[in-house]
Every structure is written in structure tokens, then in C-alpha cells.
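Next up, structure.txt (compact mmCIF, C-alpha atoms):
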```txt
# COMPACT_ATOMS: atom_id res chain seq x y z
CA MET A 1 0.00 0.00 0.00
CA PRO A 2 2.76 2.56 0.83
CA GLU A 3 4.37 1.87 -2.55
CA ILE A 4 1.12 2.67 -4.39
CA LYS A 5 0.88 5.94 -2.47
CA SER A 6 4.49 6.76 -3.30
CA ASN A 7 3.85 6.19 -6.99
CA SER A 8 0.73 8.37 -6.89
CA LEU A 9 2.67 11.15 -5.15
CA SER A 10 5.39 10.91 -7.80
CA LYS A 11 2.79 11.18 -10.56
CA LEU A 12 1.18 14.13 -8.80
CA ALA A 13 4.56 15.89 -8.53
CA LEU A 14 5.23 15.23 -12.22
CA GLN A 15 1.84 16.65 -13.19
CA LYS A 16 2.48 19.76 -11.11
CA PHE A 17 5.89 20.16 -12.71
CA LYS A 18 4.44 19.86 -16.24
CA LYS A 19 2.06 22.73 -15.47
CA ASN A 20 4.98 25.04 -14.66
CA PHE A 21 5.80 26.73 -17.97
CA TRP A 22 9.19 28.10 -16.93
CA GLY A 23 10.20 24.83 -15.33
CA VAL A 24 9.40 22.81 -18.46
CA LEU A 25 11.07 25.40 -20.70
CA SER A 26 14.19 25.32 -18.51
CA PHE A 27 14.20 21.52 -18.58
CA TYR A 28 14.19 21.43 -22.39
CA PHE A 29 16.84 24.16 -22.53
CA ILE A 30 19.10 22.17 -20.19
CA VAL A 31 18.57 18.99 -22.24
CA PHE A 32 19.49 20.95 -25.38
CA CYS A 33 22.62 22.34 -23.71
CA ALA A 34 23.57 18.83 -22.55
CA PHE A 35 23.25 17.57 -26.15
CA VAL A 36 25.43 20.44 -27.36
CA ALA A 37 28.00 19.69 -24.65
CA VAL A 38 28.28 16.02 -25.69
CA PHE A 39 28.46 16.67 -29.45
CA ALA A 40 30.20 20.07 -29.31
CA TYR A 41 32.94 19.14 -31.80
CA VAL A 42 30.39 17.78 -34.29
CA LEU A 43 28.39 21.02 -34.18
CA ALA A 44 31.32 23.47 -33.96
CA PRO A 45 32.61 25.01 -37.22
CA ASP A 46 36.15 24.68 -35.82
CA ASN A 47 36.46 21.04 -34.74
CA SER A 48 40.13 21.25 -33.75
CA LYS A 49 40.98 20.36 -30.16
CA ASN A 50 39.77 23.13 -27.84
CA ALA A 51 38.57 25.02 -30.96
CA ASN A 52 41.98 26.64 -30.99
CA GLN A 53 42.51 27.42 -34.70
CA MET A 54 44.02 30.94 -34.65
CA HIS A 55 44.00 33.55 -37.43
CA LEU A 56 45.54 36.71 -36.00
CA SER A 57 44.83 38.73 -39.14
CA ILE A 58 41.08 38.49 -38.52
CA HIS A 59 41.03 39.02 -34.76
CA SER A 60 38.10 40.69 -32.97
CA LYS A 61 35.76 40.62 -35.96
CA PRO A 62 32.02 41.25 -35.44
CA PRO A 63 29.31 38.56 -35.73
CA GLY A 64 28.58 37.55 -39.32
CA PHE A 65 32.11 38.34 -40.54
CA LYS A 66 32.98 36.63 -43.86
CA VAL A 67 36.37 35.95 -45.41
CA LYS A 68 37.94 33.68 -48.01
CA MET A 69 39.91 30.89 -46.36
CA LEU A 70 42.76 28.98 -48.01
CA THR A 71 43.40 25.55 -46.49
CA ILE A 72 46.83 24.02 -47.08
CA PRO A 73 46.52 20.29 -46.31
CA SER A 74 49.01 18.72 -43.96
CA GLN A 75 51.21 15.85 -45.08
CA GLU A 76 50.78 14.21 -41.67
CA ILE A 77 48.08 11.57 -41.31
CA SER A 78 45.97 11.85 -38.17
CA ASP A 79 45.73 8.63 -36.16
CA ASP A 80 42.78 9.82 -34.06
CA SER A 81 39.85 7.41 -34.00
CA PHE A 82 36.36 8.42 -35.08
CA LEU A 83 35.07 8.53 -31.50
CA SER A 84 38.08 10.57 -30.42
CA LYS A 85 37.33 13.14 -33.12
CA VAL A 86 33.64 13.29 -32.16
CA PHE A 87 34.13 13.71 -28.41
CA PHE A 88 37.58 15.31 -28.10
CA GLY A 89 38.12 17.12 -31.39
CA GLU A 90 40.48 16.56 -34.27
CA GLN A 91 44.22 17.11 -34.12
CA ASN A 92 44.05 19.60 -36.97
CA THR A 93 47.45 20.16 -38.58
CA ASP A 94 46.13 21.82 -41.75
CA ASN A 95 47.25 25.39 -42.24
CA GLU A 96 44.46 27.91 -42.79
CA ILE A 97 45.18 31.37 -44.23
CA PRO A 98 42.53 34.14 -44.56
CA ILE A 99 43.04 35.76 -47.97
CA ASP A 100 41.73 38.67 -50.02
CA ARG A 101 42.41 37.22 -53.48
CA PHE A 102 44.63 34.75 -55.29
CA GLU A 103 46.31 34.12 -58.66
CA VAL A 104 47.74 31.01 -60.30
CA THR A 105 51.11 31.42 -62.08
CA ASP A 106 53.71 28.84 -63.14
CA ASN A 107 52.75 25.98 -60.83
CA MET A 108 52.50 28.45 -57.97
CA LEU A 109 49.49 29.76 -56.11
CA LYS A 110 49.95 33.47 -55.38
CA VAL A 111 47.73 34.55 -52.48
CA TYR A 112 47.25 37.94 -50.87
CA PRO A 113 46.63 37.50 -47.11
CA TYR A 114 43.63 39.27 -45.63
CA SER A 115 44.28 42.85 -44.57
CA GLU A 116 42.01 45.57 -43.26
CA GLU A 117 40.89 48.64 -45.20
CA ASP A 118 43.13 49.55 -48.16
CA VAL A 119 46.33 47.98 -46.87
CA VAL A 120 47.69 45.45 -49.36
CA GLY A 121 49.25 42.40 -47.75
CA ILE A 122 52.55 40.92 -48.93
CA PRO A 123 51.69 38.09 -51.33
CA LYS A 124 52.71 34.52 -50.55
CA MET A 125 53.81 31.98 -53.12
CA ILE A 126 52.53 28.47 -52.43
CA PRO A 127 53.65 25.59 -54.70
CA LEU A 128 50.79 23.62 -56.23
CA ARG A 129 52.59 20.44 -55.19
CA SER A 130 51.47 21.25 -51.63
CA PHE A 131 48.05 20.03 -52.72
CA PRO A 132 47.05 16.52 -53.90
CA LYS A 133 48.72 15.80 -57.24
CA GLU A 134 45.65 14.27 -58.88
CA LEU A 135 43.70 17.55 -58.65
CA SER A 136 43.67 20.13 -61.42
CA VAL A 137 44.19 23.84 -60.76
CA SER A 138 40.46 24.59 -60.84
CA GLU A 139 39.72 21.68 -58.50
CA ILE A 140 42.37 22.90 -56.08
CA THR A 141 40.93 26.42 -55.95
CA ASN A 142 37.36 25.14 -55.62
CA GLN A 143 38.19 22.59 -52.94
CA PHE A 144 40.76 24.43 -50.82
CA ILE A 145 39.62 28.05 -51.17
CA SER A 146 36.16 28.70 -49.82
CA PRO A 147 34.26 31.51 -48.06
CA LYS A 148 33.97 31.12 -44.31
CA THR A 149 31.43 32.87 -42.11
CA PHE A 150 32.04 33.48 -38.40
CA ILE A 151 28.50 33.58 -37.03
CA LEU A 152 29.50 35.07 -33.66
CA GLY A 153 32.67 36.71 -34.93
CA THR A 154 36.22 36.02 -33.75
CA ASP A 155 38.04 36.61 -30.47
CA LYS A 156 41.26 38.60 -29.96
CA TYR A 157 43.31 35.66 -31.26
CA GLY A 158 41.20 35.21 -34.39
CA ARG A 159 39.50 32.04 -33.13
CA ASP A 160 35.89 31.25 -34.01
CA LEU A 161 33.82 32.54 -31.08
CA LEU A 162 30.87 30.22 -31.80
CA SER A 163 33.10 27.14 -31.65
CA ARG A 164 34.67 28.34 -28.39
CA MET A 165 31.21 28.88 -26.91
CA LEU A 166 30.01 25.42 -27.93
CA VAL A 167 33.07 23.64 -26.57
CA GLY A 168 33.10 25.86 -23.47
CA ILE A 169 29.66 24.65 -22.43
CA ARG A 170 31.33 21.33 -21.59
CA ILE A 171 33.29 22.99 -18.80
CA SER A 172 30.15 24.45 -17.24
CA PHE A 173 28.21 21.19 -17.43
CA SER A 174 31.12 19.09 -16.23
CA ILE A 175 31.89 21.31 -13.25
CA GLY A 176 28.21 21.37 -12.27
CA PHE A 177 27.76 17.60 -12.56
CA VAL A 178 30.96 16.58 -10.75
CA ALA A 179 30.66 19.23 -8.03
CA VAL A 180 27.03 18.31 -7.31
CA LEU A 181 27.93 14.60 -7.30
CA ILE A 182 30.72 15.17 -4.77
CA SER A 183 28.51 17.42 -2.63
CA LEU A 184 25.69 14.85 -2.64
CA ILE A 185 27.97 11.96 -1.65
CA LEU A 186 29.55 13.91 1.22
CA GLY A 187 26.46 15.85 2.26
CA ILE A 188 24.03 12.92 2.32
CA SER A 189 26.50 10.61 4.08
CA LEU A 190 27.50 13.06 6.82
CA GLY A 191 24.04 14.58 7.20
CA ALA A 192 22.36 11.18 7.52
CA ALA A 193 24.97 9.99 10.05
CA ALA A 194 24.60 13.16 12.14
CA GLY A 195 20.80 13.07 12.15
CA TYR A 196 20.41 9.32 12.75
CA PHE A 197 23.06 8.61 15.35
CA GLY A 198 23.06 11.96 17.17
CA GLY A 199 25.24 12.37 20.25
CA LYS A 200 28.98 12.78 19.73
CA VAL A 201 28.71 11.90 16.03
CA ASP A 202 26.26 14.77 15.54
CA ILE A 203 28.45 17.17 17.54
CA VAL A 204 31.60 16.40 15.52
CA ILE A 205 29.86 16.60 12.14
CA MET A 206 28.02 19.81 13.04
CA TRP A 207 31.32 21.35 14.20
CA LEU A 208 32.84 20.47 10.80
CA ILE A 209 29.79 21.88 9.01
CA ASN A 210 29.88 25.14 10.98
CA VAL A 211 33.61 25.63 10.41
CA THR A 212 33.25 25.03 6.67
CA TRP A 213 30.13 27.22 6.54
CA SER A 214 31.93 30.13 8.21
CA ILE A 215 34.62 30.36 5.51
CA PRO A 216 33.61 32.35 2.39
CA THR A 217 33.00 29.88 -0.43
CA LEU A 218 35.15 31.61 -3.03
CA LEU A 219 38.10 31.95 -0.64
CA LEU A 220 37.83 28.29 0.34
CA VAL A 221 37.72 27.23 -3.32
CA ILE A 222 40.74 29.39 -4.10
CA ALA A 223 42.65 27.90 -1.15
CA ILE A 224 41.83 24.31 -2.19
CA THR A 225 42.66 25.07 -5.82
CA LEU A 226 46.04 26.56 -4.90
CA ALA A 227 46.75 23.53 -2.68
CA LEU A 228 45.82 21.01 -5.37
CA GLY A 229 47.27 23.06 -8.24
CA LYS A 230 45.72 24.76 -11.25
CA GLY A 231 43.84 22.52 -13.63
CA PHE A 232 40.59 21.07 -14.88
CA TRP A 233 39.94 18.34 -12.31
CA GLN A 234 41.34 20.32 -9.40
CA VAL A 235 38.58 22.90 -9.86
CA PHE A 236 35.94 20.15 -9.89
CA ILE A 237 37.18 18.74 -6.60
CA ALA A 238 37.59 22.17 -5.00
CA VAL A 239 34.05 23.29 -5.86
CA GLY A 240 32.55 19.95 -4.80
CA LEU A 241 34.31 20.07 -1.42
CA THR A 242 32.73 23.43 -0.64
CA MET A 243 29.13 22.69 -1.65
CA TRP A 244 28.33 19.71 0.59
CA VAL A 245 27.60 21.78 3.70
CA GLU A 246 24.11 22.92 2.74
CA VAL A 247 23.18 19.40 1.61
CA ALA A 248 24.40 17.96 4.92
CA ARG A 249 22.41 20.45 6.99
CA VAL A 250 19.19 19.80 5.10
CA VAL A 251 19.61 16.01 5.17
CA ARG A 252 20.35 16.11 8.90
CA GLY A 253 17.15 18.05 9.56
CA GLN A 254 15.09 15.70 7.41
CA VAL A 255 16.56 12.62 9.07
CA LEU A 256 15.88 14.01 12.56
CA SER A 257 12.21 14.35 11.57
CA VAL A 258 11.78 11.12 9.62
CA LYS A 259 13.51 8.82 12.14
CA GLN A 260 10.66 9.43 14.58
CA MET A 261 8.13 7.91 12.19
CA GLN A 262 6.40 4.64 13.06
CA TYR A 263 7.77 2.70 10.07
CA VAL A 264 11.32 3.46 11.23
CA THR A 265 10.45 2.18 14.71
CA ALA A 266 8.96 -0.92 13.11
CA ALA A 267 12.11 -1.47 11.06
CA ARG A 268 14.21 -1.31 14.22
CA ALA A 269 11.89 -3.79 15.95
CA LEU A 270 12.34 -6.20 13.05
CA GLY A 271 16.09 -6.11 13.64
CA PHE A 272 17.13 -4.33 10.44
CA THR A 273 20.65 -2.90 10.41
CA ASN A 274 21.21 0.85 10.76
CA PHE A 275 22.57 1.00 7.23
CA ARG A 276 19.43 -0.60 5.79
CA ILE A 277 17.12 1.62 7.85
CA ILE A 278 18.94 4.75 6.66
CA THR A 279 19.19 3.77 2.97
CA LYS A 280 15.86 1.98 2.53
CA HIS A 281 13.49 3.79 4.88
CA ILE A 282 14.82 7.22 5.89
CA LEU A 283 16.70 8.68 2.90
CA PRO A 284 14.01 7.90 0.25
CA ASN A 285 11.59 9.99 2.32
CA SER A 286 14.09 12.80 2.92
CA LEU A 287 15.51 13.59 -0.52
CA ALA A 288 12.87 15.94 -1.97
CA PRO A 289 14.58 19.11 -0.59
CA VAL A 290 17.97 17.72 -1.62
CA ILE A 291 16.82 17.54 -5.26
CA VAL A 292 15.91 21.23 -5.14
CA ILE A 293 19.23 22.14 -3.50
CA SER A 294 21.12 20.15 -6.14
CA ALA A 295 19.63 22.29 -8.92
CA ALA A 296 20.69 25.45 -7.07
CA ASN A 297 24.15 23.97 -6.41
CA PHE A 298 24.50 23.17 -10.10
CA ALA A 299 23.93 26.85 -10.88
CA GLY A 300 26.27 27.89 -8.07
CA ALA A 301 29.04 25.60 -9.33
CA ILE A 302 28.82 27.16 -12.81
CA LEU A 303 29.15 30.65 -11.32
CA ILE A 304 32.08 29.64 -9.08
CA GLU A 305 33.94 28.02 -11.99
CA SER A 306 33.36 31.10 -14.13
CA GLY A 307 34.71 33.29 -11.33
CA LEU A 308 37.78 31.08 -10.88
CA SER A 309 38.46 31.10 -14.62
CA PHE A 310 38.07 34.88 -14.63
CA LEU A 311 40.70 35.05 -11.88
CA GLY A 312 42.98 32.74 -13.87
CA ILE A 313 42.92 29.73 -11.53
CA GLY A 314 40.15 27.76 -13.24
CA ALA A 315 40.37 25.84 -16.50
CA GLN A 316 43.70 26.73 -18.11
CA PRO A 317 44.27 27.91 -21.72
CA PRO A 318 43.79 26.87 -24.43
CA MET A 319 40.80 25.04 -22.91
CA PRO A 320 37.75 27.22 -23.60
CA SER A 321 35.88 28.46 -20.53
CA TRP A 322 33.17 31.10 -20.53
CA GLY A 323 34.71 32.80 -17.49
CA ALA A 324 38.13 32.93 -19.14
CA MET A 325 36.54 34.31 -22.33
CA ILE A 326 35.10 37.20 -20.31
CA LYS A 327 38.48 37.77 -18.68
CA ASP A 328 40.23 37.91 -22.07
CA HIS A 329 37.79 40.43 -23.52
CA TYR A 330 36.31 42.57 -20.73
CA SER A 331 38.62 45.43 -21.72
CA TYR A 332 37.06 45.38 -25.19
CA ILE A 333 33.80 46.73 -23.72
CA ILE A 334 35.17 50.29 -23.88
CA LEU A 335 36.65 49.66 -27.36
CA GLY A 336 33.27 49.22 -29.02
CA LYS A 337 33.48 45.42 -29.14
CA ALA A 338 31.50 44.59 -26.02
CA TYR A 339 29.96 41.51 -27.68
CA LEU A 340 33.23 39.62 -27.08
CA ALA A 341 32.49 39.70 -23.33
CA ILE A 342 28.70 39.91 -23.48
CA ILE A 343 28.20 36.68 -25.50
CA PRO A 344 29.90 34.35 -22.96
CA GLY A 345 28.25 36.37 -20.17
CA LEU A 346 24.83 35.68 -21.69
CA GLY A 347 25.76 32.00 -21.93
CA ILE A 348 26.55 31.85 -18.20
CA MET A 349 23.44 33.83 -17.30
CA SER A 350 21.06 31.69 -19.38
CA LEU A 351 22.40 28.38 -18.05
CA VAL A 352 22.38 29.54 -14.42
CA MET A 353 18.88 30.97 -14.78
CA ALA A 354 17.63 27.70 -16.30
CA PHE A 355 18.87 25.69 -13.31
CA MET A 356 17.42 28.20 -10.84
CA LEU A 357 14.02 28.12 -12.59
CA ILE A 358 13.96 24.33 -12.71
CA GLY A 359 14.90 24.31 -9.02
CA ASN A 360 11.94 26.58 -8.23
CA ALA A 361 9.64 24.37 -10.31
CA LEU A 362 10.85 21.24 -8.50
CA ARG A 363 10.34 22.95 -5.14
CA ASP A 364 6.71 23.73 -6.04
CA ALA A 365 6.09 20.25 -7.47
CA LEU A 366 7.56 18.42 -4.48
CA ASP A 367 5.78 20.59 -1.92
CA VAL A 368 3.36 18.17 -0.27
CA LYS A 369 1.46 20.94 1.48
CA GLY A 370 0.84 22.63 -1.85
```

Go ahead and express the file in the form of C-alpha cells.
Amino acid sequence: MPEIKSNSLSKLALQKFKKNFWGVLSFYFIVFCAFVAVFAYVLAPDNSKNANQMHLSIHSKPPGFKVKMLTIPSQEISDDSFLSKVFFGEQNTDNEIPIDRFEVTDNMLKVYPYSEEDVVGIPKMIPLRSFPKELSVSEITNQFISPKTFILGTDKYGRDLLSRMLVGIRISFSIGFVAVLISLILGISLGAAAGYFGGKVDIVIMWLINVTWSIPTLLLVIAITLALGKGFWQVFIAVGLTMWVEVARVVRGQVLSVKQMQYVTAARALGFTNFRIITKHILPNSLAPVIVISAANFAGAILIESGLSFLGIGAQPPMPSWGAMIKDHYSYIILGKAYLAIIPGLGIMSLVMAFMLIGNALRDALDVKG
């Protein structure tokens, strides 16, 4: 009978969630972002590793910028597997040159590199033997010289901003997922132990919670990051180790309430172990608030990672991070190219807002009194 009630409550919560327009919209937006994060290199125009193909001659160009691009194929053969290219990018060794125009003379391809305004660039002579021998001159020009559009423009290094944004979403999703996972493991374990056993166990764990709670989150993350070293995984661990406190406090409060219920007393009378009582009877009836907190922590982790990357101790170059992209281009705001900082800022804002809205929708749906 209790199981039937549980199922009906779950269905009721799902129905309430479906009626929340912003919650459903945020859910679909997050699913879309997750799809983009997984297949970023398939969707990105620049599928090189970290979307790091630089063209300094076309740096800081506005959205929609178009230019002719000459691709000189590399003689090296990539040994990356198909799955490696899909999920981690291609080790691109081809040489790309933005050009204004080109001429073909005496088995040489004469190209004029892209230059702004009326400045004429120094022409470069490229032997036709640099291209596959079986291709004719017209086939070479058609195949290796093509117009390229930068939908969101280029950054200060001439890299495709759209590709950097698409690959950078992986950092935000990864940091949120790993940090929330670490915080849930630590928070639920310590909170459940403190609430269930009480006594000295509760005193020690609450002392640890209060000490951790009293330290500003950003300062604690910076301290842990500096201790572990700069890097991708170090940030994940640092953020996760600072977000478990709120989870532990909520779980402790829930466990203190739920352990007084009659079915817990009955489980003890039947001789069930403490571990089974906690995992099978108490935690399943205590996790509704934790789900809501997890959504908020996901958003908080994204903001913390962006702040760390802005300070230079988050994900390290050339790995694309939205926070680092803002750091690289915030000075461009006064130079009339504010979009270079605004675009990644909008990305952070939209993703954080989606998780906060879905957290609010889950809170309303899981509210039994409502």
C-alpha cells in the first residue's frame, strides 16, 4: 500500500511540474545544452581540439564576418579514432590562411593574405605540389579556397567565437555535474549519520559543518585550488568540497524528523541494520529538498567556476571556458566590441537561470502541502 501511495505522489509531482511553464522550458533548454555539450565538436565550425585554430589577421571581428579561407593540407596523417574526433576534437594540422584574393602562375598559387581597409598584404607563393597531385588547378581552388562565415565573430586571437562557446559549455556542465555529485555523496553521508546517530557523532559533524560554513565559499575554493594546483579536475574537486555543507544540513534536519516515524520504529523492531534503515526507509523519504538544492548547487558551481576562470585559476588555456573568455575580452567593452564579453556572459546567465528556474519548479512540485 505505501508503494502505491508513493507512486501516486510521484505522478502528482510530475503533473504539477508539467504545469509550470518556466520549469518545463528550462528543462528542455538544459537537455538541449547537454546535447550540445556532448556533441560540441560535431556542431562546432572549428572542430580542432579546444577550438583553438588561430588567425591573427582576422582578430576581434564582429558577428557575421565573412572571409575567403585557403586551407593548405598537412602531409601528416591523423591517427585519431572516429570517437576521439567526435568527443575530443580533431588534431588539426592543416594550415588555414585568410586571404583577399589569389592568382595562379607557373605551378604556384599566389595569395594575398587578408588585410584591413586599403592595406595590401605581402603576397605569398605556395607551390601547387602542396596540394594533392591528382587535382587540377580549378579543382584545387574550388576545394581548398572557400568563403567562411564566423557567425559570432572572432576573439582577440582570431579564433571562431561560436566554436569556443560550444566547446566551453562542456566545462560548465562538467563542473556542475561533478561538483554536485561530490557534494551529494559527502552531504548525504555526513548529514544522515549526524541526524540518525546523534550524540557525539552529531556534535563532531556539526562542528565540521559550521567551520566550513563560516569560511567564504570563493576563498575556500581558491585555497583548495592553490593547494591542489591549477587545472581542470582540481577545480571540480575544489568546488565539490565546498558545496556539501548545505546538503548535509538539510539532510540532517530531514533525518531528525523522519527517524521518529512509526515505520522506522517498526524497522528497528524487526532487527534491520542501521545501514538498511537509513538507505531503505529514511533517505528515500528525505531527498525531496535535496533535489531542489542540487539544482541550485549546479547553478552555483557554474558561477564559481566562471569566477575562478576569470581570476585565472580555473580551467587553463587553451581550454575554452566562458569565465576565461570574459576575462580575455572585458577590456574590449570600452573599445566598441562589447559583444566579445557579453556573449559568454549571456551563456553563463542563461544556463544559471535555467537551473534556478527548474529548481523553483521542482520545489513547487515536491511541496506536499501545496

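Look at Leu218 in chain A: the protein and nucleic acid residues within 9 Å of it, using all atoms listed in the file and passing over chain neighbours fewer than 3 places away, are Ile215, Val221, Ile222, Ala223, Val239, Thr242, Ile304, Gly307 and Leu308 of chain A.
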
Quiz item: Near Asp79 in chain A, counting all atoms listed in the file, which residues have an atom at most 9 Å away, once you skip same-chain residues fewer than 2 positions from it, shown as a PyMOL selection string?
Solution: chain A and resi 77+81+91

Exercise. Compare A:Leu241, A:Leu270, A:Val235, A:Ala299 by their minimum atom-to-atom distance to Ala354 in chain A, counting only C-alpha atoms, and give me the closest one.
Key: A:Ala299

Quiz item: Can you find the residues with an atom no farther than 10 Å from (22.1, 27.6, -4.5), counting only C-alpha atoms, and report them as number ranges by chain?
Solution: A: 243, 246, 292-301, 355-356, 359

Selection to disk with C-alpha atoms, as an mmCIF file, keeping the file's coordinate frame:
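After the write, part_18.cif holds the following:
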```cif
data_model
loop_
_atom_site.group_PDB
_atom_site.id
_atom_site.type_symbol
_atom_site.label_atom_id
_atom_site.label_comp_id
_atom_site.auth_asym_id
_atom_site.auth_seq_id
_atom_site.Cartn_x
_atom_site.Cartn_y
_atom_site.Cartn_z
ATOM 1 C CA MET A 243 29.130 22.690 -1.650
ATOM 2 C CA GLU A 246 24.110 22.920 2.740
ATOM 3 C CA VAL A 292 15.910 21.230 -5.140
ATOM 4 C CA ILE A 293 19.230 22.140 -3.500
ATOM 5 C CA SER A 294 21.120 20.150 -6.140
ATOM 6 C CA ALA A 295 19.630 22.290 -8.920
ATOM 7 C CA ALA A 296 20.690 25.450 -7.070
ATOM 8 C CA ASN A 297 24.150 23.970 -6.410
ATOM 9 C CA PHE A 298 24.500 23.170 -10.100
ATOM 10 C CA ALA A 299 23.930 26.850 -10.880
ATOM 11 C CA GLY A 300 26.270 27.890 -8.070
ATOM 12 C CA ALA A 301 29.040 25.600 -9.330
ATOM 13 C CA PHE A 355 18.870 25.690 -13.310
ATOM 14 C CA MET A 356 17.420 28.200 -10.840
ATOM 15 C CA GLY A 359 14.900 24.310 -9.020
#
```

Quiz item: Looking at A:Val42, A:Ile97, A:Leu152, A:Ile140, which one is nearest to Lys337 in chain A, with distances taken over all atoms listed in the file?
Solution: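 Using all atoms listed in the file, Lys337 in chain A sits closest to A:Leu152.
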
Quiz prompt | Of the listed residues A:Tyr332, A:Phe65, A:Phe197, A:Phe17, that which approaches Lys148 in chain A most closely, counting only C-alpha atoms | solution =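 Closest to Lys148 in chain A of all the choices is A:Phe65.
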
Exercise. Please tell me which residues are no farther than 10 Å from (49.1, 22.2, -50.5) in the file, counting all atoms listed in the file, and write them as a ChimeraX atom specification.
Key: /A:70-75,94-95,109,126-133,140,144

I need the chosen residues saved as an mmCIF file, in the frame of the given file, with C-alpha atoms.
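This is the output file part12.cif:
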```cif
data_model
loop_
_atom_site.group_PDB
_atom_site.id
_atom_site.type_symbol
_atom_site.label_atom_id
_atom_site.label_comp_id
_atom_site.auth_asym_id
_atom_site.auth_seq_id
_atom_site.Cartn_x
_atom_site.Cartn_y
_atom_site.Cartn_z
ATOM 1 C CA LEU A 70 42.760 28.980 -48.010
ATOM 2 C CA THR A 71 43.400 25.550 -46.490
ATOM 3 C CA ILE A 72 46.830 24.020 -47.080
ATOM 4 C CA PRO A 73 46.520 20.290 -46.310
ATOM 5 C CA SER A 74 49.010 18.720 -43.960
ATOM 6 C CA GLN A 75 51.210 15.850 -45.080
ATOM 7 C CA ASP A 94 46.130 21.820 -41.750
ATOM 8 C CA ASN A 95 47.250 25.390 -42.240
ATOM 9 C CA LEU A 109 49.490 29.760 -56.110
ATOM 10 C CA ILE A 126 52.530 28.470 -52.430
ATOM 11 C CA PRO A 127 53.650 25.590 -54.700
ATOM 12 C CA LEU A 128 50.790 23.620 -56.230
ATOM 13 C CA ARG A 129 52.590 20.440 -55.190
ATOM 14 C CA SER A 130 51.470 21.250 -51.630
ATOM 15 C CA PHE A 131 48.050 20.030 -52.720
ATOM 16 C CA PRO A 132 47.050 16.520 -53.900
ATOM 17 C CA LYS A 133 48.720 15.800 -57.240
ATOM 18 C CA ILE A 140 42.370 22.900 -56.080
ATOM 19 C CA PHE A 144 40.760 24.430 -50.820
#
```

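CA of Ala51 in chain A is positioned 13.4 Å from CA of Ala37 in chain A.
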
Quiz prompt | Distance query Gly198 in chain A at most 12 Å, all atoms listed in the file, self and fewer than 4 positions along chain excluded, as a ChimeraX atom specification | solution = /A:190-194,202-206,252-253,255-256,259
